[in-house]
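For reference, start-v8.cif is printed below; it contains mmCIF, C-alpha atoms and all ligand atoms.
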data_upload
loop_
_atom_site.label_atom_id
_atom_site.label_comp_id
_atom_site.auth_asym_id
_atom_site.auth_seq_id
_atom_site.Cartn_x
_atom_site.Cartn_y
_atom_site.Cartn_z
CA MET A 30 -21.96 6.99 1.57
CA ASP A 31 -19.13 5.27 3.47
CA VAL A 32 -16.39 3.40 1.62
CA THR A 33 -13.28 1.69 2.87
CA GLU A 34 -9.89 2.40 1.37
CA GLN A 35 -9.81 -1.15 0.01
CA GLN A 36 -13.16 -0.65 -1.72
CA LEU A 37 -11.99 2.63 -3.24
CA PHE A 38 -8.85 1.01 -4.66
CA ASP A 39 -10.77 -2.05 -5.86
CA TYR A 40 -13.21 0.17 -7.73
CA LEU A 41 -10.44 2.26 -9.23
CA GLN A 42 -8.58 -0.87 -10.30
CA CYS A 43 -11.65 -2.04 -12.18
CA PRO A 44 -15.34 -1.43 -11.39
CA VAL A 45 -16.20 -4.92 -12.66
CA TYR A 46 -13.64 -6.38 -10.27
CA TYR A 47 -15.36 -4.48 -7.45
CA ASP A 48 -18.76 -5.80 -8.53
CA ILE A 49 -17.53 -9.40 -8.60
CA THR A 50 -15.64 -9.36 -5.31
CA VAL A 51 -17.61 -6.89 -3.16
CA ASN A 52 -21.21 -7.02 -4.43
CA LYS A 53 -21.38 -10.62 -5.58
CA LYS A 54 -18.85 -11.78 -3.00
CA LEU A 55 -17.31 -14.28 -5.39
CA PRO A 56 -13.96 -15.62 -4.21
CA SER A 57 -10.88 -13.89 -5.54
CA GLU A 58 -7.58 -15.65 -5.13
CA GLN A 59 -4.75 -13.15 -5.09
CA PRO A 60 -1.47 -14.85 -5.94
CA VAL A 61 1.01 -14.48 -3.10
CA GLN A 62 3.78 -11.94 -3.72
CA LEU A 63 7.14 -11.85 -2.00
CA SER A 64 6.67 -8.13 -1.32
CA ASP A 65 3.40 -8.80 0.59
CA LEU A 66 5.17 -11.23 2.90
CA LEU A 67 8.06 -8.81 3.35
CA MET A 68 5.61 -6.04 4.25
CA LYS A 69 4.15 -8.22 7.03
CA VAL A 70 7.56 -8.53 8.68
CA THR A 71 8.34 -4.87 8.01
CA ARG A 72 5.13 -3.77 9.73
CA PHE A 73 6.03 -5.95 12.73
CA PHE A 74 9.50 -4.33 12.78
CA TYR A 75 8.12 -0.79 12.56
CA LEU A 76 5.45 -1.50 15.15
CA GLN A 77 8.13 -2.62 17.60
CA LEU A 78 10.13 0.54 16.86
CA SER A 79 7.05 2.68 17.45
CA LEU A 80 6.73 1.04 20.87
CA GLY A 81 10.34 1.94 21.66
CA GLU A 82 11.58 -1.65 21.28
CA VAL A 83 14.39 -2.53 18.87
CA PRO A 84 14.03 -6.18 17.86
CA THR A 85 17.20 -8.11 17.20
CA LEU A 86 18.05 -9.29 13.71
CA ALA A 87 17.53 -12.86 14.97
CA THR A 88 13.95 -11.95 15.96
CA LEU A 89 13.33 -10.56 12.50
CA LYS A 90 14.73 -13.73 10.91
CA ARG A 91 12.47 -15.89 13.05
CA LYS A 92 9.49 -13.75 12.08
CA TRP A 93 10.45 -14.10 8.41
CA ASP A 94 10.63 -17.88 8.72
CA MET A 95 7.17 -17.95 10.29
CA VAL A 96 5.62 -15.69 7.65
CA PHE A 97 7.31 -17.41 4.71
CA GLN A 98 6.82 -21.02 5.82
CA PRO A 99 3.19 -21.48 4.56
CA TYR A 100 4.32 -20.32 1.09
CA GLN A 101 7.59 -22.23 0.98
CA GLU A 102 6.37 -24.69 -1.64
CA ILE A 103 4.85 -22.05 -3.90
CA LEU A 104 7.68 -19.53 -3.77
CA GLY A 105 10.69 -21.79 -3.21
CA GLU A 106 13.98 -21.53 -1.34
CA LYS A 107 15.48 -18.87 -3.61
CA LYS A 108 12.73 -16.39 -2.70
CA ALA A 109 13.15 -17.23 1.00
CA ILE A 110 16.82 -16.22 0.79
CA GLU A 111 16.09 -13.17 -1.35
CA GLY A 112 13.47 -12.02 1.17
CA LEU A 113 15.80 -12.50 4.11
CA GLN A 114 18.57 -10.56 2.39
CA LEU A 115 16.19 -7.66 1.76
CA LEU A 116 15.08 -7.67 5.41
CA MET A 117 18.70 -7.60 6.53
CA LYS A 118 19.31 -4.58 4.28
CA LEU A 119 16.25 -2.88 5.75
CA TYR A 120 17.46 -3.62 9.26
CA ASP A 121 20.92 -2.18 8.57
CA TRP A 122 19.40 0.94 7.02
CA ALA A 123 17.09 1.47 10.01
CA LYS A 124 20.03 1.06 12.37
CA GLU A 125 22.30 3.36 10.40
CA THR A 126 19.69 6.12 10.09
CA LYS A 127 18.47 5.62 13.68
CA LEU A 128 14.95 5.30 12.37
CA VAL A 129 12.28 6.61 14.73
CA VAL A 130 8.73 5.45 13.99
CA ILE A 131 6.15 7.87 15.35
CA ASP A 132 2.91 6.30 14.21
CA ILE A 133 1.73 3.23 12.34
CA ASP A 134 -1.67 1.93 11.22
CA SER A 135 -3.73 4.69 12.84
CA PRO A 136 -7.37 4.55 11.71
CA TYR A 137 -8.61 7.59 9.80
CA ALA A 138 -11.91 8.84 8.41
CA ILE A 139 -11.81 11.41 5.63
CA THR A 140 -15.07 13.23 4.96
CA SER A 141 -15.78 14.57 1.50
CA GLY A 142 -19.20 16.16 1.17
CA LYS A 143 -21.71 13.50 2.23
CA ASN A 144 -19.18 10.72 1.70
CA LYS A 145 -16.64 9.19 4.02
CA LEU A 146 -13.47 7.23 3.33
CA GLU A 147 -12.12 5.00 6.10
CA GLY A 148 -8.86 3.12 6.41
CA VAL A 149 -5.57 3.09 8.25
CA MET A 150 -2.71 5.51 7.78
CA GLY A 151 0.72 4.21 6.82
CA VAL A 152 4.00 4.68 8.69
CA ILE A 153 5.00 8.07 10.06
CA ALA A 154 8.68 8.52 10.89
CA ALA A 155 10.78 11.35 12.27
CA GLY A 156 12.39 13.21 9.39
CA LYS A 157 15.95 14.49 9.32
CA ASN A 158 14.72 18.08 9.56
CA GLY A 159 12.87 17.36 12.82
CA ARG A 160 9.50 17.23 11.09
CA ASP A 161 7.49 14.07 10.49
CA GLU A 162 7.36 12.34 7.14
CA LEU A 163 5.39 9.50 5.62
CA LEU A 164 7.70 6.52 5.23
CA VAL A 165 6.95 4.20 2.35
CA THR A 166 9.03 1.04 2.13
CA SER A 167 9.49 -0.44 -1.31
CA PHE A 168 10.86 -3.91 -2.00
CA SER A 169 10.50 -3.50 -5.74
CA PRO A 170 13.58 -4.31 -7.82
CA ARG A 171 13.00 -1.01 -9.64
CA MET A 172 13.21 2.54 -8.32
CA SER A 173 9.82 4.23 -8.44
CA HIS A 174 9.19 6.95 -11.00
CA GLU A 175 9.00 10.53 -9.78
CA ASP A 176 5.91 11.34 -11.88
CA LEU A 177 4.02 8.32 -10.55
CA ASP A 178 5.05 9.04 -6.95
CA ALA A 179 3.59 12.51 -7.38
CA LEU A 180 0.21 10.99 -8.26
CA LYS A 181 -0.08 7.97 -5.97
CA LEU A 182 -3.44 8.21 -4.29
CA LYS A 183 -2.42 6.27 -1.17
CA TYR A 184 0.30 8.82 -0.40
CA THR A 185 -2.28 11.61 -0.76
CA ILE A 186 -4.71 9.79 1.54
CA ASP A 187 -2.06 9.20 4.22
CA SER A 188 -0.80 12.78 4.02
CA TYR A 189 -4.32 14.11 4.49
CA ALA A 190 -5.01 11.60 7.29
CA TYR A 191 -1.89 12.94 9.04
CA ARG A 192 -3.16 16.50 8.69
CA LEU A 193 -6.47 15.48 10.24
CA LYS A 194 -4.87 13.64 13.14
CA TYR A 195 -2.03 16.03 13.96
CA GLY A 196 -3.42 19.38 12.77
CA LYS A 197 -0.31 20.08 10.68
CA ASP A 198 1.30 18.91 7.45
CA LEU A 199 4.01 16.33 6.91
CA SER A 200 7.35 17.59 5.71
CA GLY A 201 7.05 15.11 2.83
CA ILE A 202 6.92 11.51 1.72
CA ARG A 203 10.05 9.38 1.77
CA ILE A 204 10.08 6.24 -0.36
CA HIS A 205 12.86 3.98 0.82
CA HIS A 206 13.91 1.53 -1.90
CA VAL A 207 15.37 -1.31 0.12
CA LYS A 208 17.11 -3.13 -2.72
CA HIS A 209 18.89 0.01 -3.91
CA GLY A 210 19.49 1.52 -0.46
CA LYS A 211 18.20 4.82 -1.88
CA ASP A 212 15.36 7.18 -1.04
CA SER A 213 13.15 9.28 -3.24
CA LEU A 214 10.99 12.13 -2.01
CA THR A 215 7.64 13.50 -2.99
CA PHE A 216 5.15 15.96 -1.51
CA ARG A 217 1.45 16.70 -1.38
CA LYS A 218 -0.32 20.04 -1.57
CA ASN A 219 -3.89 21.32 -1.38
CA SER A 220 -4.59 20.67 -5.06
CA ASP A 221 -3.76 16.98 -4.46
CA TYR A 222 -6.31 16.90 -1.64
CA GLU A 223 -8.91 18.49 -3.92
CA ARG A 224 -8.26 15.68 -6.39
CA LEU A 225 -8.66 13.13 -3.58
CA PHE A 226 -12.07 14.56 -2.63
CA GLY A 227 -13.10 14.46 -6.28
CA THR A 228 -12.06 10.81 -6.50
CA ILE A 229 -13.94 9.84 -3.32
CA ASN A 230 -17.09 11.62 -4.50
CA GLY A 231 -16.81 10.22 -8.02
CA VAL A 232 -16.43 6.63 -6.84
CA CYS A 233 -19.25 6.99 -4.29
CA LYS A 234 -21.55 8.46 -6.94
CA SER A 235 -20.77 5.56 -9.30
CA LEU A 236 -21.43 3.03 -6.53
CA GLU A 237 -24.72 4.67 -5.59
CA ASN A 238 -25.78 4.43 -9.23
CA ASN A 239 -24.51 0.86 -9.68
CA ILE A 240 -22.12 1.78 -12.48
CA TYR A 241 -19.72 -1.07 -13.16
CA TYR A 242 -17.87 -0.61 -16.42
CA VAL A 243 -14.83 -2.43 -17.74
CA ARG A 244 -11.43 -0.86 -17.36
CA ASP A 245 -9.76 -1.91 -20.56
CA HIS A 246 -6.21 -2.42 -19.41
CA TYR A 247 -3.39 -4.89 -19.36
CA GLY A 248 -4.36 -5.98 -15.82
CA CYS A 249 -7.06 -8.30 -17.23
CA ALA A 250 -4.44 -10.90 -18.08
CA ILE A 251 -3.33 -11.18 -14.45
CA CYS A 252 -6.65 -10.25 -12.81
CA PRO A 253 -7.47 -12.80 -10.04
CA VAL A 254 -11.12 -13.01 -11.16
CA ASN A 255 -10.63 -13.16 -14.91
CA ASN A 256 -12.02 -16.72 -14.81
CA LEU A 257 -15.29 -15.25 -13.45
CA CYS A 258 -15.41 -12.12 -15.56
CA LYS A 259 -17.72 -12.31 -18.56
CA TYR A 260 -16.06 -9.25 -20.10
CA TRP A 261 -12.70 -10.95 -20.02
CA PHE A 262 -14.05 -13.91 -21.99
CA ASN A 263 -15.94 -11.72 -24.43
CA ASN A 264 -13.34 -9.13 -25.14
CA TYR A 265 -9.83 -10.52 -24.75
S1 LIG B 301 -10.78 -9.44 -16.04
FE1 LIG B 301 -10.47 -7.28 -16.56
S2 LIG B 301 -12.55 -6.46 -16.82
FE2 LIG B 301 -12.74 -8.40 -15.72
S3 LIG B 301 -12.72 -7.83 -13.54
FE3 LIG B 301 -10.62 -8.32 -14.08
S4 LIG B 301 -9.69 -6.34 -14.66
FE4 LIG B 301 -11.93 -6.08 -14.69
#

Would you encode the structure as C-alpha cells?
Amino acid sequence: MDVTEQQLFDYLQCPVYYDITVNKKLPSEQPVQLSDLLMKVTRFFYLQLSLGEVPTLATLKRKWDMVFQPYQEILGEKKAIEGLQLLMKLYDWAKETKLVVIDIDSPYAITSGKNKLEGVMGVIAAGKNGRDELLVTSFSPRMSHEDLDALKLKYTIDSYAYRLKYGKDLSGIRIHHVKHGKDSLTFRKNSDYERLFGTINGVCKSLENNIYYVRDHYGCAICPVNNLCKYWFNNY
C-alpha cells in the first residue's frame, strides 16, 4: 500500500480525523498559525540559498508582507510585527553562521515491506564539522524538549530519506530556535529506522482493514473537524 507523509501523520494524529478528511473528504478548516506563514517565507529564503542566491532583507520583508496580507484581519498588526521580527532574527543568524543550504524539498519514497511512504525531505544544510545535517527551524516561543526531539517521526523520516538519496548518514539534526537564537541537537540510529518501518506497516495495515478508532486526547477540543465528529459529540 502507498501512503503519503500527510496521510501517515493524519492517521497518527487521530484515525477518525483521517477517516473524515481523507475517506469522506469532508472539509477541514485548519486555523491559520503564525508559524505556518513564517515557514512559507523561510522555505523561500532557504530555497534561494540552495540556489546560491542570497536575498536581501528587503526582499524577505516584501515576501512576508505578501504572505501575511490575506490573514491581516484574522491575525492583526501585532502578529505581523512579531513575524517580521522573527524573520529578521533568522536572517541575521543565517548571515552570521554563513548558512549553506544543500538540499530542500527533495521527494523521497521509503519502502517498508510491501508498503511505501512518499513525501518530501526537509532542509539539509552544511554542518560545522563539514558533514550535512538536517536543519529544522522552529518559531515556537518555547525551546523543544530533548526527549521529544529524540522521538519526532518527521526527523526520523527525513534522516532516512537522506540516507536513501545520498548513500550516507547525516551528522545529526539541528533544531534552530529562532526566538531564542539557540540550537538543540538530536540524532537518529538504526533502531529509530526500525521503529519508522513498524509505524508505516502498522498504519498501512490499519488502513487496509478500515480501522478508525478514536484517539482520546486533548486535541479533540481544538480539532478542526470536531463539529463533524460524532465521537466528539458523544464523548466530550
Ligand atoms: S474530534 Fe477528536 S476523535 Fe474526533 S476526529 Fe477530532 S481528534 Fe479525532

Region 91-99 of chain A: which residues within 12 Å, counting only C-alpha atoms, same-chain residues fewer than 2 positions away excluded, as an mmCIF file with C-alpha atoms, in the coordinates of the input?
data_model
loop_
_atom_site.group_PDB
_atom_site.id
_atom_site.type_symbol
_atom_site.label_atom_id
_atom_site.label_comp_id
_atom_site.auth_asym_id
_atom_site.auth_seq_id
_atom_site.Cartn_x
_atom_site.Cartn_y
_atom_site.Cartn_z
ATOM 1 C CA VAL A 61 1.010 -14.480 -3.100
ATOM 2 C CA GLN A 62 3.780 -11.940 -3.720
ATOM 3 C CA LEU A 63 7.140 -11.850 -2.000
ATOM 4 C CA SER A 64 6.670 -8.130 -1.320
ATOM 5 C CA ASP A 65 3.400 -8.800 0.590
ATOM 6 C CA LEU A 66 5.170 -11.230 2.900
ATOM 7 C CA LEU A 67 8.060 -8.810 3.350
ATOM 8 C CA MET A 68 5.610 -6.040 4.250
ATOM 9 C CA LYS A 69 4.150 -8.220 7.030
ATOM 10 C CA VAL A 70 7.560 -8.530 8.680
ATOM 11 C CA THR A 71 8.340 -4.870 8.010
ATOM 12 C CA ARG A 72 5.130 -3.770 9.730
ATOM 13 C CA PHE A 73 6.030 -5.950 12.730
ATOM 14 C CA PHE A 74 9.500 -4.330 12.780
ATOM 15 C CA PRO A 84 14.030 -6.180 17.860
ATOM 16 C CA THR A 85 17.200 -8.110 17.200
ATOM 17 C CA LEU A 86 18.050 -9.290 13.710
ATOM 18 C CA ALA A 87 17.530 -12.860 14.970
ATOM 19 C CA THR A 88 13.950 -11.950 15.960
ATOM 20 C CA LEU A 89 13.330 -10.560 12.500
ATOM 21 C CA GLN A 101 7.590 -22.230 0.980
ATOM 22 C CA GLU A 102 6.370 -24.690 -1.640
ATOM 23 C CA ILE A 103 4.850 -22.050 -3.900
ATOM 24 C CA LEU A 104 7.680 -19.530 -3.770
ATOM 25 C CA GLY A 105 10.690 -21.790 -3.210
ATOM 26 C CA GLU A 106 13.980 -21.530 -1.340
ATOM 27 C CA LYS A 107 15.480 -18.870 -3.610
ATOM 28 C CA LYS A 108 12.730 -16.390 -2.700
ATOM 29 C CA ALA A 109 13.150 -17.230 1.000
ATOM 30 C CA ILE A 110 16.820 -16.220 0.790
ATOM 31 C CA GLU A 111 16.090 -13.170 -1.350
ATOM 32 C CA GLY A 112 13.470 -12.020 1.170
ATOM 33 C CA LEU A 113 15.800 -12.500 4.110
ATOM 34 C CA GLN A 114 18.570 -10.560 2.390
ATOM 35 C CA LEU A 115 16.190 -7.660 1.760
ATOM 36 C CA LEU A 116 15.080 -7.670 5.410
ATOM 37 C CA MET A 117 18.700 -7.600 6.530
#

Quick one: residues within 9 Å of ligand LIG 301 (chain B), with only C-alpha atoms and all ligand atoms, as number ranges by chain?
A: 42-50, 242-262, 264-265

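Proximity to Thr185 (chain A) at 12 Å, evaluated using all atoms listed in the file and with sequence-adjacent residues fewer than 4 positions away removed, yields Ile139, Met150, Gly151, Leu163, Asp178, Ala179, Leu180, Lys181, Tyr189, Ala190, Tyr191, Arg192, Asp198, Leu199, Gly201, Ile202, Thr215, Phe216, Arg217, Lys218, Asn219, Ser220, Asp221, Tyr222, Glu223, Arg224, Leu225, Phe226 and Thr228 of chain A.
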
Could you check the closest approach to Leu41 (chain A) for each of A:Val207, A:Ala155, A:Leu182, A:Val83 and tell me which residue wins, using all atoms listed in the file?
A:Leu182

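Pairwise distance (CA of Phe168 (chain A), CA of Lys124 (chain A)) equals 17.8 Å.
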
Residues near Ser173 (chain A), cut-off 10 Å, all atoms listed in the file, skip fewer than 6 positions along chain, as an NGL selection string:
:A and (167 or 204-206 or 212-213)

List as number ranges by chain the protein and nucleic acid residues near Ser200 (chain A), meaning an atom at most 6 Å away when all atoms listed in the file are counted, but skip any in the same chain fewer than 6 places from it.
A: 160-162

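Checking A:Glu58, A:Asp39, A:Asp121, A:Asp132 one by one against Tyr75 (chain A), counting all atoms listed in the file, you find the shortest gap at A:Asp132.
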
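The space between CA of Asn144 (chain A) and CA of Ile229 (chain A) spans 7.3 Å.
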
Rounded to one decimal, what separation in Å do you get between CA of Val232 (chain A) and CA of Leu177 (chain A)?
20.9 Å

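Minimum distance to Ser141 (chain A) across A:Asn230, A:Gln35, A:Thr126, A:Asn52 (counting only C-alpha atoms) occurs at A:Asn230.
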
When distances are computed from all atoms listed in the file, which of A:Leu128, A:Ile186, A:Lys143, A:Asp176 shows the smallest separation from Leu164 (chain A)?
A:Leu128

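Distances from A:Leu78, A:Asp31, A:Gly156, A:Ala123 to Glu237 (chain A) were compared using all atoms listed in the file, and the smallest one belongs to A:Asp31.
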
Counting only C-alpha atoms, figure out which residue out of A:Lys145, A:Lys183, A:Lys197, A:Lys54 gets nearest to Val32 (chain A).
A:Lys145
